[in-house]
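Report on the following structure.
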Amino acid sequence: EDDEMERRMYDDTFWDDYYFMSGMMNRGLYAVYLAYPSYANYYYDIYNLLGDPSVALWFRTPAPLSAVHPANIGVGENVNINITSGGSPVGNVLVCITNDDNVHSTAYTNPSGSAVIPTAGAIVGDTLWVTATCYNKIPYEGYILVGGSGPWLSIDGLSTDDSDGDNDGNVDIVENIGLTIPLRNTGTEPATTVTGRLRSSNPAVTILDSVKTYGNIPVDGTVANSTPYVCIFGPSIPDGDMVQMTLHASDGADSTWELGFQIEVSAPVTGYFAHSVADPAGDGDGYPEPGESIELEVDIENTGGETARFMILNLATSDPYITITSASSGIDSIVPGGNRRCSVPFELTIAPGCPTPYIAQLIVSAADYRGPTSVDTFGISIGQAGFADDCESGVGDWISITQWHISSMRTGSPFHAWYSGVDGVFMYQDDIDAVLETPEIIVPDNPMLSFWHYYFTEYSYDSCFVEYSTDGGSGWTKLGGYNGPSGDWELALFDLSFRAVSPGTPIKFRFTQTSDTYVHGEGWFIDDIALEPLKTAYVGAGQVDPFAGNTGTEFTFKVRIASPSSHSPTNVRVFIDGSPQIMAYSGVGDLTSSGIIYQYSTYLPLGTHSYHFEFNAGGEAYRYPAEGEIDGPFVSAPFYEFDIGNSNGGLSAIGPRDDWQYGVPGYGPSSVPIGTKCWATRLNGDYNDSSQSRLALPEIDLTDIEAPYLCYYHWYRFQSSTTPSFHDGGNVKISTDGNPENAFIVHPQYGYDGT
């Protein structure tokens with residue numbers, strides 16, 4: 001039902017271009033009604049939209065609308081309007097003209113962006129407000145003045161001349177601008193000996209030539225000033241500001257008109273964009289480190305509408321670990337929308353006692369010769385680039401919130417891993433947002449985030465997410481997500497080269513597990529987390545199964561190998577007690593992503609054994625672990641043994657709604673490992689609903705026994721062999737006080753399929 005509703009809403013949005021929230025939801029609910037009528041009432045009850053049902057979604061960055069229409073009209077005239085965006089005509093734009101009283105006219109533009117709108121009811125002196133709206137566009141707002149009897153003057157267009165400036169056709173700060181302002185007579189009588197006086201209430205505007213003559217303007221005629229008005233827009237005017245101007249027009253009959261208009265002014269808007277570091281006097285690795293003198297190049301961007309020119313740059317800091325030895329630089333020009341690097345690098349010295357990793361705060365100012373100046377603070381990362389943590393040195397500078405902790409329950413490499421779950425029960429909690437954050441890391445060249453992980457969550461409901469932040473944790477960007485059962489340890493790889501991440505800058509990573517109520521899994525384990533350049537091969541999750549047994553136990557050694565560059569491993573071996581054994585590809589996994597599994601099975605003599613793995617890939621030799629040996633397996637004669645293949649072993653079934661039976665299985669496994677019989681939750685069929693079956697061993701005395709291991713054979717299949725919906729499960733518990741109610745879990749099985 002959810003899928004049906006969501007699909008219909010997405011179809012409405014992305015296929016039918018339907019934008020209204022309420023309509024989208026109702027169409028989705030109607031789709032549920034058609035497909036699942038018995039659930040319709042429920043869905044109509046639970047899905048409700050709070051707020052304005054006519055809200056329309058924006059699906060792209062809104063672009064501004066521009067409009068061309070007359071500034072003045074006579075009584076009864078229609079308005080011809082043309083709408084564009086980015087220089088292209090826009091159709092289906094709703095245009096409204098109103099005087100906030102008796103005039104309210106609308107029309108939609110045609111594909112050419114044009115519309116004709118009547119103004120019936122407008123009278124002389126009215127101001128007609130013009131509004132144009134369209135999906136994913138910023139509305140246009142303007143006005144039109146209505147003229148009347150006698151002479152009636154209005155501005156009929158406007159042209160600017162910046163040939164005394166940079167001659168780019170724009171009105172920029174600090175350049176002489178010539179204004180030609182035609183006047184139109186929309187009245188019923190000629191206007192004689194017309195004079196215009198240009199004014200502005202904005203103190204940043206200087207008018208150099210303010211008075212012009214127009215002579216006589218006939219009815220329905222237009223006359224322009226013969227020589228331009230001249231003004232200068234000061235450096236304090238912001239980029240894109242619409243400066244209000246007024247033309248005071250008068251004629252020989254003492255009629256006067258106050259004609260307002262606006263001029264958009266462009267200015268440079270500069271700011272810090274990026275930086276790069278060189279350390280030729282240090283170790284030459286391109287990363288600032290304590291005790292080094294470095295060269296710092298800063299890039300400045302210009303997001304304004306005017307070219308930034310003849311810029312002076314200065315660098316400052318109050319950081320106690322930084323000494324600036326060369327603080328000045330410059331940039332000749334930066335075009336609008338561009339960025340440029342400073343002409344000469346700044347020079348800094350880092351104190352030997354500076355901690356690492358450390359972010360030093362610097363202040364760069366960039367001043368255009370006309371006055372506009374930007375001041376920005378940015379940080380440079382001090383210390384070695386990259387990061388690697390095998391979880392064997394404790395929590396360190398990691399930040400863990402809600403149940404994340406170091407555990408030895410499951411590990412990708414000996415002997416610890418981060419775990420989002422609760423030890424003892426080995427399940428995660430209800431309704432959590434468990435967060436684990438790395439310390440701040442300096443991004444290396446060609447950065448690749450890698451880690452090994454094992455996860456088991458409720459499929460489709462409880463999830464695991466990986467995110468990164470480049471602003472100290474204020475904002476986070478998702479890298480990937482997981483849910484359900486991984487089944488085994490896997491490699492996770494994320495190439496950050498294609499993201500907005502720059503070498504030498506700080507970055508943090510966050511691992512978040514979320515859950516709802518009721519259904520749980522084991523949780524999320526992560527190990528061997530690294531941020532480093534891409535490697536030819538990655539190796540991890542080396543283990544032996546089982547970890548302990550007797551001389552009749554078959555032990556399987558496994559290791560997982562990945563190569564994003566598709567270098568197949570060769571000569572894969574496990575060294576058991578120093579003796580190499582060739583391992584075989586299991587057929588499981590993906591070489592270029594999560595890794596493929598190699599394995600080797602054998603029987604071992606009594607004693608404590610050790611092992612490591614070796615292989616070759618892409619001409620390089622690899623060893624896991626890099627140093628030393630992994631202890632295990634432990635092979636010993638059992639001090640307690642229960643032969644339940646031939647007798648019930650003294651085990652007892654307890655608890656309510658019990659399904660445990662002893663005998664020869666007629667359903668499930670085709671045979672048992674030893675003898676012919678076994679204990680089973682029903683020998684000849686599925687277990688019952690709501691079963692709470694318990695099977696208890698006799699009490700065992702472990703006095704003077706060091707590091708005991710419980711070994712057993714089992715076959716299990718919970719709930720379904722095909723659906724990953726894990727509502728049923730089994731586990732092994734131990735009680736140390738003789739009371740089964742006080743037992744704690746030592747080995748969980750939450751609905752795995754298999755034998």
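Residues in the structure tokens are numbered from 1 in each chain, the chains being A, B, ... in the order shown, and ligands are numbered from 1 in the order shown.
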
Subject >> Exercise: Thr119 (chain A) partners within 8 Å, only C-alpha atoms, chain neighbours under 5 positions left out, as a list in words >> reply: Gly76, Glu77, Asn78, Val79, Ile97, Val103, His104 and Ser105 of chain A

**OP:** For region 198-207 of chain A, please output as a ChimeraX atom specification all residues within 6 Å (counting only C-alpha atoms; exclusion window: fewer than 4 positions along the same chain).
**Re:** /A:231-234,245-247

Kindly save the residues from that selection, with N, CA and C atoms included, as a PDB file, in the first residue's frame.
ATOM      1  N   CYS A 231      25.543  61.226 -13.896  1.00  0.00           N
ATOM      2  CA  CYS A 231      25.604  60.963 -12.451  1.00  0.00           C
ATOM      3  C   CYS A 231      26.642  59.892 -12.164  1.00  0.00           C
ATOM      4  N   ILE A 232      27.037  59.787 -10.895  1.00  0.00           N
ATOM      5  CA  ILE A 232      27.982  58.770 -10.431  1.00  0.00           C
ATOM      6  C   ILE A 232      27.327  58.036  -9.255  1.00  0.00           C
ATOM      7  N   PHE A 233      27.401  56.712  -9.281  1.00  0.00           N
ATOM      8  CA  PHE A 233      26.879  55.891  -8.194  1.00  0.00           C
ATOM      9  C   PHE A 233      28.050  55.475  -7.314  1.00  0.00           C
ATOM     10  N   GLY A 234      27.970  55.833  -6.046  1.00  0.00           N
ATOM     11  CA  GLY A 234      29.107  55.702  -5.142  1.00  0.00           C
ATOM     12  C   GLY A 234      29.456  54.266  -4.794  1.00  0.00           C
ATOM     13  N   MET A 245      15.445  56.940  -8.353  1.00  0.00           N
ATOM     14  CA  MET A 245      15.718  58.250  -8.949  1.00  0.00           C
ATOM     15  C   MET A 245      14.387  58.944  -9.224  1.00  0.00           C
ATOM     16  N   THR A 246      14.413  60.267  -9.284  1.00  0.00           N
ATOM     17  CA  THR A 246      13.208  61.051  -9.580  1.00  0.00           C
ATOM     18  C   THR A 246      13.537  62.110 -10.634  1.00  0.00           C
ATOM     19  N   LEU A 247      12.695  62.167 -11.651  1.00  0.00           N
ATOM     20  CA  LEU A 247      12.801  63.241 -12.641  1.00  0.00           C
ATOM     21  C   LEU A 247      11.642  64.215 -12.408  1.00  0.00           C
TER      22      LEU A 247
END

**OP:** Might you pull out every residue within 8 Å of Ala584 (chain A), with only C-alpha atoms counted and same-chain residues fewer than 2 positions away left off, and present them as number ranges by chain?
**Re:** A: 572, 582, 586, 598-600

Preceding selection exported with N, CA and C atoms as a tab-separated table (two decimals), in the first residue's frame:
chain	number	residue	atom	x	y	z
A	572	VAL	N	46.83	-16.90	-2.76
A	572	VAL	CA	46.20	-16.61	-1.47
A	572	VAL	C	46.45	-17.80	-0.54
A	582	ILE	N	47.17	-23.36	0.62
A	582	ILE	CA	46.52	-22.63	-0.46
A	582	ILE	C	45.02	-22.53	-0.19
A	586	SER	N	35.73	-18.83	-2.74
A	586	SER	CA	34.47	-19.44	-2.31
A	586	SER	C	33.32	-19.20	-3.28
A	598	TYR	N	37.97	-15.94	0.31
A	598	TYR	CA	38.78	-17.14	0.11
A	598	TYR	C	38.73	-17.94	1.40
A	599	GLN	N	38.78	-19.30	1.25
A	599	GLN	CA	38.67	-20.12	2.45
A	599	GLN	C	39.49	-21.41	2.31
A	600	TYR	N	39.76	-21.98	3.47
A	600	TYR	CA	40.49	-23.25	3.54
A	600	TYR	C	39.99	-23.99	4.78

Subject >> Which residue of A:Pro37, A:Gly521, A:Gly540, A:Pro235 approaches Trp452 (chain A) most closely, using only C-alpha atoms >> reply: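 Going through A:Pro37, A:Gly521, A:Gly540, A:Pro235 one by one, the smallest distance to Trp452 (chain A) is for A:Gly540.
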
Subject >> Among the residues A:Gln513, A:Asp251, A:Phe261, A:Gly150, the one that comes closest to Leu179 (chain A) [using only C-alpha atoms] >> reply: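 That would be A:Phe261, the residue with the smallest distance to Leu179 (chain A).
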
Subject >> Computed interatomic separation between CA of Gln361 (chain A) and CA of Ala385 (chain A) (Å) >> reply: 18.0 Å

**OP:** List every residue of region 33-94 of chain A that DSSP, applied to the backbone of this structure, assigns to strand (DSSP E or B), and report them as a PyMOL selection string.
**Re:** chain A and resi 56+63-64+66-68+72-73+79-85+88-89+94

Would you write out those residues with N, CA and C atoms, as a PDB file, in the first residue's frame?
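File written: result-v2.pdb
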ATOM      1  N   ALA A  56       2.669  24.796  -3.661  1.00  0.00           N
ATOM      2  CA  ALA A  56       3.291  24.170  -4.825  1.00  0.00           C
ATOM      3  C   ALA A  56       4.784  23.999  -4.553  1.00  0.00           C
ATOM      4  N   ALA A  63      14.611  30.897 -10.681  1.00  0.00           N
ATOM      5  CA  ALA A  63      15.265  31.946 -11.474  1.00  0.00           C
ATOM      6  C   ALA A  63      14.339  33.152 -11.540  1.00  0.00           C
ATOM      7  N   PRO A  64      14.897  34.368 -11.608  1.00  0.00           N
ATOM      8  CA  PRO A  64      14.038  35.559 -11.622  1.00  0.00           C
ATOM      9  C   PRO A  64      13.339  35.741 -12.967  1.00  0.00           C
ATOM     10  N   SER A  66      11.823  38.512 -15.666  1.00  0.00           N
ATOM     11  CA  SER A  66      11.970  39.901 -16.108  1.00  0.00           C
ATOM     12  C   SER A  66      10.775  40.261 -16.976  1.00  0.00           C
ATOM     13  N   ALA A  67      10.350  41.518 -16.910  1.00  0.00           N
ATOM     14  CA  ALA A  67       9.170  41.956 -17.658  1.00  0.00           C
ATOM     15  C   ALA A  67       9.474  43.252 -18.397  1.00  0.00           C
ATOM     16  N   VAL A  68       8.967  43.340 -19.616  1.00  0.00           N
ATOM     17  CA  VAL A  68       9.017  44.580 -20.390  1.00  0.00           C
ATOM     18  C   VAL A  68       7.578  45.042 -20.615  1.00  0.00           C
ATOM     19  N   ASN A  72       4.033  54.017 -18.541  1.00  0.00           N
ATOM     20  CA  ASN A  72       2.865  54.875 -18.455  1.00  0.00           C
ATOM     21  C   ASN A  72       1.891  54.509 -19.575  1.00  0.00           C
ATOM     22  N   ILE A  73       0.601  54.620 -19.295  1.00  0.00           N
ATOM     23  CA  ILE A  73      -0.429  54.402 -20.311  1.00  0.00           C
ATOM     24  C   ILE A  73      -1.508  55.464 -20.143  1.00  0.00           C
ATOM     25  N   VAL A  79      -2.448  46.851 -21.824  1.00  0.00           N
ATOM     26  CA  VAL A  79      -1.023  46.723 -21.518  1.00  0.00           C
ATOM     27  C   VAL A  79      -0.458  45.535 -22.277  1.00  0.00           C
ATOM     28  N   ASN A  80       0.553  45.771 -23.088  1.00  0.00           N
ATOM     29  CA  ASN A  80       1.301  44.705 -23.746  1.00  0.00           C
ATOM     30  C   ASN A  80       2.540  44.411 -22.900  1.00  0.00           C
ATOM     31  N   ILE A  81       2.665  43.168 -22.489  1.00  0.00           N
ATOM     32  CA  ILE A  81       3.762  42.792 -21.602  1.00  0.00           C
ATOM     33  C   ILE A  81       4.482  41.594 -22.183  1.00  0.00           C
ATOM     34  N   ASN A  82       5.804  41.550 -21.997  1.00  0.00           N
ATOM     35  CA  ASN A  82       6.612  40.421 -22.455  1.00  0.00           C
ATOM     36  C   ASN A  82       7.461  39.928 -21.281  1.00  0.00           C
ATOM     37  N   ILE A  83       7.405  38.596 -21.014  1.00  0.00           N
ATOM     38  CA  ILE A  83       8.079  38.005 -19.864  1.00  0.00           C
ATOM     39  C   ILE A  83       9.225  37.122 -20.346  1.00  0.00           C
ATOM     40  N   THR A  84      10.393  37.294 -19.744  1.00  0.00           N
ATOM     41  CA  THR A  84      11.550  36.449 -20.030  1.00  0.00           C
ATOM     42  C   THR A  84      12.206  36.021 -18.722  1.00  0.00           C
ATOM     43  N   SER A  85      13.067  34.998 -18.839  1.00  0.00           N
ATOM     44  CA  SER A  85      13.903  34.564 -17.708  1.00  0.00           C
ATOM     45  C   SER A  85      15.225  34.099 -18.289  1.00  0.00           C
ATOM     46  N   SER A  88      15.368  34.267 -22.125  1.00  0.00           N
ATOM     47  CA  SER A  88      14.478  33.445 -22.950  1.00  0.00           C
ATOM     48  C   SER A  88      13.032  33.703 -22.578  1.00  0.00           C
ATOM     49  N   PRO A  89      12.113  33.700 -23.570  1.00  0.00           N
ATOM     50  CA  PRO A  89      10.700  33.924 -23.261  1.00  0.00           C
ATOM     51  C   PRO A  89      10.142  32.795 -22.408  1.00  0.00           C
ATOM     52  N   LEU A  94       1.446  33.643 -15.193  1.00  0.00           N
ATOM     53  CA  LEU A  94       0.241  34.362 -14.797  1.00  0.00           C
ATOM     54  C   LEU A  94       0.606  35.815 -14.481  1.00  0.00           C
TER      55      LEU A  94
END
